[in-house]
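K.L.:
Below you will find the structure I want to go over with you.
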Amino acid sequence: MAKWGEGDPRWIVEERPDATNVNNWHWTEKNATPWSKDRFNQLFTNVKLEDSNIECIIESVDKCSGEATANNRKGKLIFFYEWELTLNWIGYFKNNHLKKHKGKATIPNLSEENDLDDLEITITIDESNEESEIVKQFMYNNGRNNIRKLLGVYIKELKEEYSKNLILPNKNSEKVQQINNQSKGNNIFNNGPIPNSSKVTTTLGCKLDVRTLTIEEEFQCTANDLYNALTKPDMVTSFTRAPAKVEASRGGEFHLYGGNVHGVFDELIPEKKLSLRWRLKSWPSGHYSNVVIELEEMKNCTQMKLKQTGIPASEYDTMKTNWNRYYWNSIKQTFGFGVPLADVL
């Protein structure tokens with residue numbers, strides 16, 4: 001966040017060597033289609049699967065149609081990809097490797113809208129007989145999982161490769177840590193090195209006078225966009241303006257604002273709900289509040305409801321202010337979730 005009185009840096013025209021896309025405000029796009037096609041061919045060439053009796057080999061990509069792009073909208077990275085793939089495979093019994101059975105593996109809709117675990121993959125055999133159907137069943141049971149893993153590699157590498165230089169540095173980037181250090185005294189979310197601790201556990205210390213806080217807020221985005229902003233490490237880093245460790249799975253840890261905010265994910269329901277054990281570093285040792293964030297996608301917005309129980313009474317007055325300032329307002333400003341999309345495109 002900008003220092004009080006200096007204004008939001010996204011609105012300030014700054015000096016840039018390239019004089020373009022100040023503070024990453026404008027939409028920028030990279031075409032990832034040619035790279036993607038080359039990567040599919042690399043990933044799906046001579047991939048071997050076997051057990052004690054059967055061996056199958058994904059030989060090559062037979063068909064690859066679709067597109068992929070990486071986009072930066074107001075500092076937010078957005079990846080679009082939609083692919084239809086057909087793979088050639090052969091299989092045989094190890095005691096009769098000269099008799100090979102050929103088939104296809106078809107992925108009709110690889111896109112950001114579909115989870116890999118639920119991705120449709122069809123396995124077919126060119127000529128059906130008793131032996132080839134056994135090989136086909138092996139490919140169905142084992143090949144689909146391996147295909148999903150390789151597609152996961154593609155998605156991970158796509159995001160890593162096309163995140164480079166898409167969000168341009170600004171002249172304030174090198175000053176962020178200095179500004180954060182200067183504001184330590186008046187910011188309860190101050191920055192420092194991210195701790196690399198083992199999993200935290202909830203333990204009870206002395207009895208505390210605690211309070212419960214509820215907040216409701218509307219965001220001009222989909223529930224999926226807001227869920228991602230709260231769980232994706234790169235997006236969390238963007239709106240907190242500091243390195244963040246986020247393991248968005250049940251039992252996973254999060255460390256934000258230099259470890260001054262940390263805790264554990266207890267429950268995650270994509271686009272619907274987050275349950276967290278959440279604490280400030282300054283709180284009594286072992287004391288965690290419970291935070292439940294519920295998301296409901298409406299016709300024109302997403303409604304967020306937060307309930308936080310177990311807040312030390314002495315911290316209650318500042319908690320609502322800081323949730324709004326360092327989470328909700330920052331998310332809106334960073335990703336444009338405070339303004340209808342039609343008004344900013």
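In the structure tokens, chains take letters A, B, ... by order of appearance, with residues numbered from 1 within each chain and ligands from 1 in the order shown.
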For A:Glu133, work out the shell of residues within 12 Å, counting only C-alpha atoms and skipping chain neighbours fewer than 3 positions away, then give it as an MDAnalysis selection string.

P.N.:
chainID A and resid 91:93 101:103 123:130 136:140

K.L.:
For A:Asn224, please output as a PyMOL selection string all residues within 12 Å (counting only C-alpha atoms; exclusion window: fewer than 5 positions along the same chain).

P.N.:
chain A and resi 112-113+219+229-232+269-273+295-297+301-304

K.L.:
Excluding stretch 152-161 of chain A and its own-chain neighbours fewer than 2 positions away, which residues fall within 8 Å of it when counting only C-alpha atoms? Please give them as a PyMOL selection string.

P.N.:
chain A and resi 32+36+39-40+70+79+116+148-150+163-164

K.L.:
Would you list the contacts of A:Arg279 as a list in words, taking every protein, DNA or RNA residue within 10 Å and counting only C-alpha atoms, but skipping same-chain residues closer than 6 positions in sequence?

P.N.:
Gly259, Asn260, Val261, His262, Gly263, Val264, Ser285, Gly286, His287, Tyr288, Ser289, Asn290, Val291, Gly310 and Ile311 of chain A

K.L.:
Identify, on the basis of only C-alpha atoms, every residue whose closest approach to A:Trp323 does not exceed 12 Å; exclude the query and any residue fewer than 3 positions from it along the same chain; express the result as a PyMOL selection string.

P.N.:
chain A and resi 188-189+213-217+240+261+291+306-308+316-320+326-331

K.L.:
What does the distance from atom CA of A:Leu256 to atom CA of A:Ser314 come to in Å, to one decimal?

P.N.:
21.6 Å

K.L.:
Find the residue from A:Arg325, A:Glu131, A:Phe44, A:Thr334 that sits nearest to A:Val61; use only C-alpha atoms when measuring.

P.N.:
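Nearest candidate to A:Val61 out of A:Arg325, A:Glu131, A:Phe44, A:Thr334: A:Phe44.
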
K.L.:
Just the alpha helix (DSSP H) stuff from stretch 43-136 of chain A, please, per backbone DSSP, written as a ChimeraX atom specification.

P.N.:
/A:43,130-136

K.L.:
Only C-alpha atoms, please: the residues just picked out, written as a compact mmCIF listing (two decimals), in the first residue's frame.

P.N.:
# COMPACT_ATOMS: atom_id res chain seq x y z
CA LEU A 43 5.71 -33.78 -23.43
CA GLU A 130 -9.84 -59.80 -26.72
CA GLU A 131 -6.15 -58.95 -26.37
CA SER A 132 -6.40 -55.34 -27.55
CA GLU A 133 -9.25 -54.63 -25.13
CA ILE A 134 -7.04 -55.71 -22.22
CA VAL A 135 -4.31 -53.34 -23.41
CA LYS A 136 -6.90 -50.59 -23.86

K.L.:
What's the separation between atom CA of A:Leu110 and atom CA of A:Glu29, in Å to one decimal place?

P.N.:
20.2 Å

K.L.:
Tell me which of A:Pro284, A:Arg211, A:Leu77, A:Trp35 sits closest to A:Val236, counting only C-alpha atoms.

P.N.:
A:Leu77

K.L.:
Have a look at A:Asn71, A:Tyr162, A:Thr222, A:Ile57 and name the one nearest to A:Ile147; count only C-alpha atoms.

P.N.:
A:Ile57

K.L.:
Find the distance between atom CA of A:Phe254 and atom CA of A:Phe80 and write it in Å to one decimal.

P.N.:
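Taking atom CA of A:Phe254 and atom CA of A:Phe80, their separation equals 26.9 Å.
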
K.L.:
Please identify the strand (DSSP E or B) residues within stretch 77-306 of chain A (assignment by DSSP from backbone atoms) and present them as a count of residues only.

P.N.:
79
